[in-house]
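The data block below is input12.csv; it holds CSV, C-alpha atoms (C1' of nucleotides).
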```csv
chain,number,residue,atom,x,y,z
H,30,MET,CA,127.7,137.1,84.3
H,31,GLU,CA,126.2,139.2,81.5
H,32,SER,CA,129.2,141.1,80.5
H,33,THR,CA,130.4,144.0,82.5
H,34,PRO,CA,128.9,146.8,84.6
H,35,GLY,CA,129.0,149.4,81.9
H,36,VAL,CA,127.3,147.1,79.3
H,37,ARG,CA,124.7,146.1,81.9
H,38,THR,CA,123.9,149.7,82.7
H,39,ALA,CA,123.4,150.5,79.0
H,40,LEU,CA,121.2,147.5,78.6
H,41,LEU,CA,119.2,148.5,81.6
H,42,LEU,CA,118.6,151.9,80.1
H,43,LEU,CA,117.5,150.4,76.8
H,44,GLY,CA,115.4,147.9,78.6
H,45,GLY,CA,113.7,150.5,80.8
H,46,PHE,CA,112.9,152.7,77.8
H,47,GLU,CA,111.5,149.8,75.8
H,48,ALA,CA,109.5,148.5,78.6
H,49,MET,CA,107.8,151.9,79.1
H,50,VAL,CA,107.3,152.6,75.5
H,51,GLY,CA,106.0,149.1,74.8
H,52,ASP,CA,103.5,149.4,77.5
H,53,VAL,CA,102.4,152.8,76.4
H,54,VAL,CA,102.0,151.7,72.8
H,55,GLU,CA,99.9,148.8,73.9
H,56,GLU,CA,97.8,151.0,76.1
H,57,LEU,CA,97.2,153.4,73.2
H,58,ALA,CA,96.2,150.5,71.0
H,59,ARG,CA,93.8,149.3,73.7
H,60,ARG,CA,92.3,152.8,74.0
H,61,GLY,CA,91.4,153.3,70.4
H,62,HIS,CA,94.7,154.4,69.0
H,63,PRO,CA,96.2,151.5,67.2
H,64,GLY,CA,99.1,152.0,64.8
H,65,VAL,CA,100.7,154.6,67.0
H,66,THR,CA,104.5,154.1,67.5
H,67,ALA,CA,106.7,155.8,70.1
H,68,ASN,CA,108.2,157.9,67.3
H,69,LEU,CA,104.8,159.2,66.3
H,70,GLU,CA,103.9,160.0,69.8
H,71,PHE,CA,107.1,161.9,70.5
H,72,ALA,CA,106.7,163.7,67.2
H,73,LEU,CA,103.2,164.8,68.1
H,74,LEU,CA,104.4,165.9,71.5
H,75,ALA,CA,107.0,168.0,69.8
H,76,ILE,CA,104.4,169.5,67.5
H,77,LYS,CA,102.2,170.4,70.5
H,78,GLU,CA,105.2,172.0,72.1
H,79,GLY,CA,105.7,174.4,69.3
H,80,ALA,CA,107.1,172.6,66.3
H,81,ASP,CA,104.5,174.0,64.0
H,82,SER,CA,105.9,172.9,60.7
H,83,ALA,CA,107.6,169.9,59.2
H,84,SER,CA,110.9,171.8,59.2
H,85,ALA,CA,110.5,172.9,62.8
H,86,LEU,CA,109.7,169.3,63.7
H,87,ALA,CA,112.8,168.1,62.0
H,88,ARG,CA,114.9,170.5,64.1
H,89,ALA,CA,113.1,169.6,67.3
H,90,LEU,CA,113.6,165.9,66.6
H,91,GLY,CA,117.1,166.2,65.3
H,92,VAL,CA,116.3,164.4,62.1
H,93,SER,CA,116.2,165.5,58.4
H,94,ARG,CA,113.3,167.4,57.1
H,95,GLN,CA,112.3,164.5,54.9
H,96,ALA,CA,112.2,162.2,57.9
H,97,ALA,CA,110.1,164.6,59.8
H,98,ALA,CA,107.9,165.1,56.7
H,99,LYS,CA,107.3,161.4,56.7
H,100,SER,CA,106.3,161.4,60.3
H,101,VAL,CA,103.9,164.3,59.6
H,102,ALA,CA,102.4,162.5,56.7
H,103,THR,CA,101.8,159.4,58.9
H,104,LEU,CA,100.3,161.6,61.6
H,105,ALA,CA,98.1,163.2,59.1
H,106,ASP,CA,97.0,159.9,57.7
H,107,LEU,CA,96.1,158.7,61.1
H,108,GLY,CA,94.1,161.9,61.7
H,109,TYR,CA,96.3,163.3,64.4
H,110,VAL,CA,97.4,166.5,62.7
H,111,ASP,CA,96.0,168.7,59.9
H,112,ARG,CA,98.3,170.4,57.4
H,113,VAL,CA,96.8,173.8,56.7
H,114,ASP,CA,98.1,176.3,54.3
H,115,ASP,CA,99.7,179.2,56.1
H,116,ALA,CA,98.2,182.4,55.0
H,117,ALA,CA,101.2,184.4,56.0
H,118,ASP,CA,103.8,182.2,54.3
H,119,ALA,CA,102.7,180.3,51.2
H,120,ARG,CA,105.6,177.9,51.5
H,121,ARG,CA,104.5,176.6,54.9
H,122,LYS,CA,102.0,174.1,55.7
H,123,ALA,CA,101.2,174.9,59.3
H,124,LEU,CA,100.6,171.9,61.5
H,125,ARG,CA,97.6,171.8,63.7
H,126,VAL,CA,97.0,169.0,66.2
H,127,THR,CA,93.5,167.6,65.9
H,128,PRO,CA,91.3,166.9,68.9
H,129,ARG,CA,92.0,163.2,68.3
H,130,GLY,CA,95.7,164.1,68.4
H,131,ASP,CA,95.2,165.8,71.7
H,132,GLU,CA,93.4,162.8,73.0
H,133,MET,CA,96.2,160.5,71.9
H,134,THR,CA,99.0,162.4,73.5
H,135,ALA,CA,96.9,162.8,76.6
H,136,ILE,CA,96.4,159.1,76.9
H,137,GLY,CA,100.0,158.4,76.1
H,138,ALA,CA,101.4,161.0,78.6
H,139,ALA,CA,99.0,159.8,81.3
H,140,ARG,CA,100.2,156.3,80.8
H,141,PHE,CA,103.8,157.3,80.9
H,142,ASP,CA,103.1,159.2,84.1
H,143,GLU,CA,101.3,156.2,85.6
H,144,LEU,CA,104.1,153.9,84.8
H,145,ARG,CA,106.6,156.2,86.3
H,146,ALA,CA,104.4,156.6,89.4
H,147,ARG,CA,104.1,152.8,89.8
H,148,TRP,CA,107.8,152.4,89.4
H,149,ALA,CA,108.5,155.2,91.9
H,150,ALA,CA,106.2,153.7,94.4
H,151,ALA,CA,108.2,150.5,94.3
H,152,LEU,CA,111.3,152.3,95.2
H,153,GLU,CA,112.5,154.2,98.1
H,154,PRO,CA,110.9,157.6,98.3
H,155,GLY,CA,112.7,160.1,96.1
H,156,ALA,CA,114.7,157.3,94.4
H,157,ALA,CA,112.9,157.9,91.1
H,158,ASP,CA,113.7,161.6,91.1
H,159,ALA,CA,117.3,160.7,92.0
H,160,VAL,CA,117.4,158.4,88.9
H,161,ASP,CA,116.2,161.1,86.7
H,162,ALA,CA,118.7,163.5,88.0
H,163,ALA,CA,121.5,161.0,87.6
H,164,LEU,CA,120.5,160.2,84.1
H,165,ALA,CA,120.3,163.8,83.2
H,166,ARG,CA,124.0,164.1,83.9
H,167,LEU,CA,125.0,161.1,81.8
H,168,PRO,CA,125.3,162.9,78.4
H,169,GLU,CA,127.2,165.7,80.1
H,170,VAL,CA,129.7,163.4,81.7
H,171,LEU,CA,130.3,161.4,78.5
H,172,ARG,CA,131.1,164.4,76.4
H,173,PRO,CA,134.0,166.2,78.1
H,174,PRO,CA,135.2,168.0,75.0
H,175,SER,CA,132.4,169.8,73.1
H,176,PRO,CA,129.4,170.8,75.3
H,177,ARG,CA,126.8,170.2,72.7
H,178,SER,CA,123.3,170.7,73.9
H,179,VAL,CA,121.5,168.7,71.3
H,180,GLY,CA,119.1,166.2,72.7
H,181,PRO,CA,119.5,162.5,71.9
H,182,ALA,CA,116.1,161.8,70.5
H,183,GLY,CA,115.4,165.4,70.4
H,184,LEU,CA,112.2,166.8,71.7
H,185,GLU,CA,114.4,169.6,72.9
H,186,PRO,CA,113.3,173.1,72.3
H,187,THR,CA,113.8,174.6,68.9
H,188,THR,CA,117.2,175.8,70.1
H,189,SER,CA,118.7,174.0,67.1
H,190,ALA,CA,121.9,175.7,66.4
H,191,VAL,CA,122.1,174.6,62.8
M,25,MET,CA,108.0,172.4,79.8
M,26,GLU,CA,108.8,169.2,78.1
M,27,SER,CA,105.7,167.3,78.7
M,28,THR,CA,105.3,165.3,81.9
M,29,PRO,CA,107.5,163.4,84.4
M,30,GLY,CA,106.8,160.1,82.8
M,31,VAL,CA,107.6,161.2,79.3
M,32,ARG,CA,110.7,163.0,80.6
M,33,THR,CA,111.9,159.8,82.3
M,34,ALA,CA,111.4,157.8,79.2
M,35,LEU,CA,113.4,160.3,77.2
M,36,LEU,CA,116.1,160.3,79.8
M,37,LEU,CA,116.5,156.6,79.5
M,38,LEU,CA,116.7,156.8,75.8
M,39,GLY,CA,119.1,159.7,75.9
M,40,GLY,CA,121.3,158.0,78.3
M,41,PHE,CA,121.5,154.8,76.3
M,42,GLU,CA,122.1,156.7,73.0
M,43,ALA,CA,124.8,158.8,74.6
M,44,MET,CA,126.6,155.7,75.9
M,45,VAL,CA,126.3,153.8,72.7
M,46,GLY,CA,127.2,156.7,70.5
M,47,ASP,CA,130.4,157.2,72.5
M,48,VAL,CA,131.3,153.5,72.4
M,49,VAL,CA,130.7,153.3,68.7
M,50,GLU,CA,132.9,156.3,68.1
M,51,GLU,CA,135.6,154.9,70.3
M,52,LEU,CA,135.4,151.6,68.4
M,53,ALA,CA,135.8,153.4,65.1
M,54,ARG,CA,138.8,155.3,66.5
M,55,ARG,CA,140.4,152.1,67.7
M,56,GLY,CA,140.3,150.3,64.4
M,57,HIS,CA,136.8,148.9,64.4
M,58,PRO,CA,134.8,151.1,62.1
M,59,GLY,CA,131.4,150.0,60.9
M,60,VAL,CA,130.5,148.4,64.2
M,61,THR,CA,127.0,149.3,65.4
M,62,ALA,CA,125.6,148.8,68.9
M,63,ASN,CA,123.5,146.0,67.5
M,64,LEU,CA,126.5,144.2,66.2
M,65,GLU,CA,128.4,144.6,69.5
M,66,PHE,CA,125.5,143.3,71.5
M,67,ALA,CA,125.1,140.4,69.1
M,68,LEU,CA,128.7,139.5,69.4
M,69,LEU,CA,128.5,139.7,73.2
M,70,ALA,CA,125.5,137.3,73.1
M,71,ILE,CA,127.5,135.0,70.9
M,72,LYS,CA,130.4,135.0,73.3
M,73,GLU,CA,128.0,134.3,76.1
M,74,GLY,CA,126.8,131.1,74.5
M,75,ALA,CA,124.6,131.8,71.5
M,76,ASP,CA,126.6,129.5,69.3
M,77,SER,CA,124.4,129.5,66.3
M,78,ALA,CA,122.2,131.9,64.4
M,79,SER,CA,119.1,130.4,65.8
M,80,ALA,CA,120.4,130.6,69.3
M,81,LEU,CA,121.4,134.2,68.7
M,82,ALA,CA,117.9,134.9,67.5
M,83,ARG,CA,116.5,133.5,70.8
M,84,ALA,CA,119.1,135.4,72.9
M,85,LEU,CA,118.3,138.7,71.1
M,86,GLY,CA,114.6,138.2,70.9
M,87,VAL,CA,114.5,138.7,67.2
M,88,SER,CA,113.6,136.5,64.2
M,89,ARG,CA,116.1,134.0,63.0
M,90,GLN,CA,116.4,135.9,59.8
M,91,ALA,CA,117.3,139.1,61.5
M,92,ALA,CA,119.9,137.2,63.6
M,93,ALA,CA,121.2,135.6,60.5
M,94,LYS,CA,121.7,139.1,58.9
M,95,SER,CA,123.6,140.2,62.0
M,96,VAL,CA,125.7,137.1,61.8
M,97,ALA,CA,126.4,137.7,58.1
M,98,THR,CA,127.5,141.2,58.8
M,99,LEU,CA,129.7,140.1,61.7
M,100,ALA,CA,131.2,137.5,59.5
M,101,ASP,CA,131.8,140.0,56.7
M,102,LEU,CA,133.6,142.2,59.2
M,103,GLY,CA,135.7,139.4,60.4
M,104,TYR,CA,134.3,139.1,63.9
M,105,VAL,CA,132.9,135.6,63.7
M,106,ASP,CA,133.6,132.4,61.7
M,107,ARG,CA,130.8,130.2,60.6
M,108,VAL,CA,132.1,126.6,60.8
M,109,ASP,CA,130.3,123.5,59.8
M,110,ASP,CA,129.2,121.6,62.9
M,111,ALA,CA,130.5,118.1,62.7
M,112,ALA,CA,127.9,116.8,65.1
M,113,ASP,CA,124.9,118.4,63.4
M,114,ALA,CA,125.0,119.0,59.6
M,115,ARG,CA,122.3,121.6,59.8
M,116,ARG,CA,124.2,123.9,62.1
M,117,LYS,CA,126.8,126.4,61.3
M,118,ALA,CA,128.5,126.9,64.6
M,119,LEU,CA,129.6,130.4,65.4
M,120,ARG,CA,133.1,131.0,66.5
M,121,VAL,CA,134.3,134.4,67.7
M,122,THR,CA,137.6,135.4,66.0
M,123,PRO,CA,140.5,137.0,67.9
M,124,ARG,CA,139.5,140.3,66.2
M,125,GLY,CA,136.0,139.8,67.6
M,126,ASP,CA,137.4,139.3,71.0
M,127,GLU,CA,139.3,142.5,70.7
M,128,MET,CA,136.3,144.4,69.5
M,129,THR,CA,134.1,143.3,72.4
M,130,ALA,CA,137.0,144.0,74.8
M,131,ILE,CA,137.4,147.5,73.6
M,132,GLY,CA,133.6,148.1,73.6
M,133,ALA,CA,133.1,146.6,77.0
M,134,ALA,CA,136.0,148.5,78.4
M,135,ARG,CA,134.6,151.8,77.0
M,136,PHE,CA,131.2,151.1,78.4
M,137,ASP,CA,132.8,150.4,81.8
M,138,GLU,CA,134.9,153.6,81.6
M,139,LEU,CA,131.8,155.7,80.7
M,140,ARG,CA,129.9,154.2,83.6
M,141,ALA,CA,132.8,154.8,85.9
M,142,ARG,CA,133.1,158.4,84.8
M,143,TRP,CA,129.4,158.9,85.3
M,144,ALA,CA,129.5,157.2,88.7
M,145,ALA,CA,132.3,159.4,89.8
M,146,ALA,CA,130.2,162.5,89.0
M,147,LEU,CA,127.4,161.3,91.3
M,148,GLU,CA,127.1,160.6,95.0
M,149,PRO,CA,128.9,157.4,96.0
M,150,GLY,CA,126.7,154.5,95.3
M,151,ALA,CA,124.3,156.5,93.2
M,152,ALA,CA,125.1,154.7,90.0
M,153,ASP,CA,124.5,151.3,91.6
M,154,ALA,CA,121.2,152.6,92.9
M,155,VAL,CA,120.2,153.7,89.5
M,156,ASP,CA,121.0,150.2,88.1
M,157,ALA,CA,119.0,148.6,90.8
M,158,ALA,CA,116.1,151.0,90.3
M,159,LEU,CA,116.1,150.4,86.5
M,160,ALA,CA,116.2,146.7,87.0
M,161,ARG,CA,112.9,146.9,88.7
M,162,LEU,CA,111.2,148.9,86.0
M,163,PRO,CA,110.1,146.1,83.7
M,164,GLU,CA,108.9,144.1,86.6
M,165,VAL,CA,106.7,147.0,87.9
M,166,LEU,CA,105.3,147.6,84.5
M,167,ARG,CA,104.2,144.1,83.9
M,168,PRO,CA,102.0,143.1,86.9
M,169,PRO,CA,100.4,140.1,85.1
M,170,SER,CA,102.8,137.7,83.6
M,171,PRO,CA,106.3,137.7,85.1
M,172,ARG,CA,108.2,137.0,82.0
M,173,SER,CA,111.9,137.2,82.4
M,174,VAL,CA,112.8,137.8,78.8
M,175,GLY,CA,115.2,140.7,78.3
M,176,PRO,CA,114.1,143.7,76.2
M,177,ALA,CA,117.0,143.6,73.8
M,178,GLY,CA,117.9,140.2,75.0
M,179,LEU,CA,121.5,139.4,75.7
M,180,GLU,CA,120.2,137.3,78.5
M,181,PRO,CA,122.0,134.1,79.3
M,182,THR,CA,121.3,131.2,77.0
M,183,THR,CA,118.9,130.1,79.6
M,184,SER,CA,116.5,129.8,76.7
M,185,ALA,CA,114.0,127.3,77.9
M,186,VAL,CA,113.3,126.3,74.4
Z,4,DA,C1',115.3,194.1,41.2
Z,5,DG,C1',118.1,190.3,42.8
Z,6,DG,C1',120.6,187.1,45.8
Z,7,DT,C1',120.2,184.1,49.8
Z,8,DG,C1',118.0,181.0,52.6
Z,9,DT,C1',114.0,178.5,53.9
Z,10,DT,C1',110.1,175.3,52.9
Z,11,DG,C1',108.1,171.4,51.3
Z,12,DA,C1',108.1,167.7,48.0
Z,13,DC,C1',110.0,163.9,44.9
Z,14,DA,C1',113.1,160.0,44.2
Z,15,DA,C1',116.6,156.8,45.2
Z,16,DC,C1',118.8,154.3,48.6
Z,17,DC,C1',120.3,152.1,53.2
Z,18,DT,C1',119.5,149.5,57.5
Z,19,DG,C1',117.4,146.5,60.4
Z,20,DG,C1',113.6,144.2,61.1
Z,21,DT,C1',109.4,141.2,59.6
Z,22,DT,C1',106.7,137.3,57.4
Z,23,DG,C1',106.3,133.4,54.2
Z,24,DG,C1',108.1,129.5,51.9
Z,25,DC,C1',111.6,126.1,51.0
Z,26,DT,C1',115.1,122.3,51.8
Z,27,DA,C1',118.2,119.6,54.6
Z,28,DT,C1',118.8,117.4,58.7
Z,29,DC,C1',118.0,115.5,63.2
Z,30,DG,C1',115.4,113.0,66.8
Z,31,DC,C1',112.2,110.4,68.4
Z,32,DC,C1',108.5,107.2,68.5
Z,33,DG,C1',106.4,103.6,66.8
I,23,DC,C1',113.6,100.5,60.2
I,24,DG,C1',110.5,103.9,58.7
I,25,DG,C1',108.2,108.0,59.1
I,26,DC,C1',107.1,112.5,60.9
I,27,DG,C1',107.6,116.6,63.5
I,28,DA,C1',110.8,120.0,65.0
I,29,DT,C1',114.9,122.6,63.9
I,30,DA,C1',118.6,125.2,61.2
I,31,DG,C1',119.7,127.8,57.6
I,32,DC,C1',118.5,130.5,53.6
I,33,DC,C1',115.9,133.2,49.9
I,34,DA,C1',112.7,136.7,48.6
I,35,DA,C1',109.4,140.2,49.4
I,36,DC,C1',108.2,143.7,52.1
I,37,DC,C1',108.0,147.5,55.6
I,38,DA,C1',109.4,151.4,58.7
I,39,DG,C1',112.3,154.9,59.5
I,40,DG,C1',116.1,157.3,58.2
I,41,DT,C1',119.5,159.4,54.7
I,42,DT,C1',121.1,162.2,50.7
I,43,DG,C1',120.3,164.8,46.5
I,44,DT,C1',117.6,167.7,43.8
I,45,DC,C1',114.1,171.0,42.8
I,46,DA,C1',110.6,174.8,42.6
I,47,DA,C1',108.3,178.1,45.1
I,48,DC,C1',108.5,181.7,48.3
I,49,DA,C1',110.3,185.2,51.8
I,50,DC,C1',113.4,188.4,53.3
I,51,DC,C1',117.1,191.8,53.0
I,52,DT,C1',119.8,194.9,50.5
```
Same coordinates, now as structure tokens:
Amino acid sequence: MESTPGVRTALLLLGGFEAMVGDVVEELARRGHPGVTANLEFALLAIKEGADSASALARALGVSRQAAAKSVATLADLGYVDRVDDAADARRKALRVTPRGDEMTAIGAARFDELRARWAAALEPGAADAVDAALARLPEVLRPPSPRSVGPAGLEPTTSAV
Amino acid sequence: MESTPGVRTALLLLGGFEAMVGDVVEELARRGHPGVTANLEFALLAIKEGADSASALARALGVSRQAAAKSVATLADLGYVDRVDDAADARRKALRVTPRGDEMTAIGAARFDELRARWAAALEPGAADAVDAALARLPEVLRPPSPRSVGPAGLEPTTSAV
DNA sequence: AGGTGTTGACAACCTGGTTGGCTATCGCCG
DNA sequence: CGGCGATAGCCAACCAGGTTGTCAACACCT
């Protein structure tokens, strides 16, 4: 009824993502971290994984430096990161995740894992891993011509070619 | 490396969706429908499936009436829908999909299907269907308390209980 | 030195969404 | 028949997240 198989799959992907993210955001709000959006959590994760400046974050997230700077400003406002002057490079403001930031990502990641575990438990054994594997191949399949490696919402290593 | 299994799965969902949608939007632009976003296509699909007014579209999409009205305005600007006065109800502006609108959704849906087919062909037989089935269970698993049936991005049938 | 490229910041702007307030109309119940 | 609540559409203000363009400061390489 609702359209066609392809559309349905796309909507399922979106729905799954939104369901997970929505739950995690709610959980974070419940656990003392209101005002955190999915973007902010992913940004903070990227920072923890090595994006140690606004520009680096921009590359990791695949957005403009300004957009990344906005996220950093919000994260700083919420007390999740500190911007400290870099002694070695006066241009840089090095990003340092605060203890509260660590707590936030820990709660968020744990909730993501819990959701995935609950979901996996409702499926055949191994089915969740199979889904992950199948999804990982989607971008590759859709893009026969140029094999770009850029992540969709980023969070990829700082491999940024540009 | 990149965080944890739960986060990775969420990112895969987002990535898969964005990959499909990005490709479809490109294809639409190539085939004479520039300026069409995923939102607009989904909105038009919802209209075709019974959301015959801005308010109904809002319900189907799960957004505010104003947001739906904006989408309708854009769709009308692009020539995909007509707003006609409803003879039976002077308040309403009934939505009618134009032939061009039909063409657009046809191209979009066909592309979605093609992408899904290509993806399915790269997997084990039946794997794509299994993924769909698994994803369909995600929202249900994450929401043990109230079994709401509302779709994430909507596009559900006009079953609107209203 | 000096040129090139990077960093971070400011400003203007776009998109898609929200809330609040308003009017016209319909439907239903007395 | 009258009145009132619910509904449809619309306007304006606002917000979040993203973009481009510009700029000054700084680092690095020759």
Any idea what the distance is between atom CA of H:Ala39 and atom CA of H:Gly91? 21.8 Å
Each residue of chain H with at least one atom at most 8 Å from chain M should appear once, together with its nearest atom pair and the corresponding distance in Å (one decimal); atoms considered: only C-alpha atoms; ordering: chain, then increasing residue number; output as a Markdown table.
```
| residue | atom | partner | partner_atom | distance |
| --- | --- | --- | --- | --- |
| H:Glu31 | CA | M:Pro181 | CA | 7.0 |
| H:Ser32 | CA | M:Leu69 | CA | 7.5 |
| H:Thr33 | CA | M:Ala133 | CA | 6.7 |
| H:Pro34 | CA | M:Asp137 | CA | 6.0 |
| H:Gly35 | CA | M:Asp137 | CA | 3.9 |
| H:Val36 | CA | M:Phe136 | CA | 5.7 |
| H:Thr38 | CA | M:Asp156 | CA | 6.1 |
| H:Ala39 | CA | M:Phe41 | CA | 5.4 |
| H:Leu40 | CA | M:Ala177 | CA | 7.5 |
| H:Leu41 | CA | M:Leu159 | CA | 6.1 |
| H:Leu42 | CA | M:Leu37 | CA | 5.2 |
| H:Leu43 | CA | M:Phe41 | CA | 6.0 |
| H:Gly44 | CA | M:Pro176 | CA | 5.0 |
| H:Gly45 | CA | M:Leu162 | CA | 6.0 |
| H:Phe46 | CA | M:Ala34 | CA | 5.5 |
| H:Glu47 | CA | M:Pro176 | CA | 6.6 |
| H:Ala48 | CA | M:Pro163 | CA | 5.7 |
| H:Met49 | CA | M:Ala34 | CA | 6.9 |
| H:Val50 | CA | M:Ala34 | CA | 7.6 |
| H:Asp52 | CA | M:Leu166 | CA | 7.4 |
| H:Leu74 | CA | M:Ser27 | CA | 7.4 |
| H:Glu78 | CA | M:Glu26 | CA | 7.5 |
| H:Ala138 | CA | M:Val31 | CA | 6.2 |
| H:Ala139 | CA | M:Gly30 | CA | 7.9 |
| H:Arg140 | CA | M:Gly30 | CA | 7.9 |
| H:Phe141 | CA | M:Gly30 | CA | 4.5 |
| H:Asp142 | CA | M:Gly30 | CA | 4.0 |
| H:Glu143 | CA | M:Gly30 | CA | 7.3 |
| H:Leu144 | CA | M:Leu166 | CA | 6.4 |
| H:Arg145 | CA | M:Gly30 | CA | 5.2 |
| H:Ala146 | CA | M:Gly30 | CA | 7.8 |
| H:Arg147 | CA | M:Val165 | CA | 6.6 |
| H:Trp148 | CA | M:Val165 | CA | 5.7 |
| H:Ala151 | CA | M:Val165 | CA | 7.4 |
| H:Leu152 | CA | M:Ala158 | CA | 7.0 |
| H:Ala156 | CA | M:Ala158 | CA | 7.6 |
| H:Ala157 | CA | M:Ala158 | CA | 7.6 |
| H:Ala159 | CA | M:Val155 | CA | 8.0 |
| H:Val160 | CA | M:Val155 | CA | 5.5 |
| H:Asp161 | CA | M:Thr33 | CA | 6.3 |
| H:Ala163 | CA | M:Leu147 | CA | 7.0 |
| H:Leu164 | CA | M:Leu36 | CA | 6.2 |
| H:Ala165 | CA | M:Leu36 | CA | 6.4 |
| H:Arg166 | CA | M:Trp143 | CA | 7.6 |
| H:Leu167 | CA | M:Gly40 | CA | 6.0 |
| H:Pro168 | CA | M:Ala43 | CA | 5.6 |
| H:Val170 | CA | M:Trp143 | CA | 5.8 |
| H:Leu171 | CA | M:Leu139 | CA | 6.3 |
| H:Gly180 | CA | M:Gly39 | CA | 7.2 |
| H:Pro181 | CA | M:Gly39 | CA | 4.9 |
| H:Ala182 | CA | M:Gly39 | CA | 6.5 |
| H:Leu184 | CA | M:Glu26 | CA | 7.6 |
| H:Glu185 | CA | M:Glu26 | CA | 7.7 |
```
Show which residues sit within 12 Å of stretch 8-17 of chain Z, as an NGL selection string. Count all atoms listed in the file, and ignore same-chain residues fewer than 6 positions away. (:H and (82-85 or 87 or 94-95 or 97-99 or 101-102 or 112 or 114-115 or 118-123)) or (:I and (39-51))
Rounded to one decimal in Å, what is the spacing between atom CA of M:Leu99 and atom CA of H:Ala96?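 Atom-to-atom, atom CA of M:Leu99 and atom CA of H:Ala96 are spaced 28.4 Å apart.
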Any idea what the distance is between atom CA of H:Arg129 and atom CA of H:Tyr109? 5.8 Å
Mind listing as a PyMOL selection string which residues of chain I are within 10 Å of chain M, counting only C-alpha atoms (C1' of nucleotides)? chain I and resi 29-32
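Every residue of chain Z that lies within 7 Å of chain M is listed here, counting only C-alpha atoms (C1' of nucleotides): DG20, DA27 and DT28 of chain Z.
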12 Å contact set for I:DG24, only C-alpha atoms (C1' of nucleotides), chain neighbours under 5 positions out, as a PDB file with C-alpha atoms (C1' of nucleotides), in the frame of the given file:
```
ATOM      1  C1'  DC Z  31     112.200 110.400  68.400  1.00  0.00           C
ATOM      2  C1'  DC Z  32     108.500 107.200  68.500  1.00  0.00           C
ATOM      3  C1'  DG Z  33     106.400 103.600  66.800  1.00  0.00           C
TER       4       DG Z  33
END
```
From the set Z:DG24, Z:DG30, Z:DG6, Z:DG19, which residue has the shortest atom-to-atom contact distance to I:DA28, counting all atoms listed in the file?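 Closest residue, counting all atoms listed in the file: Z:DG30.
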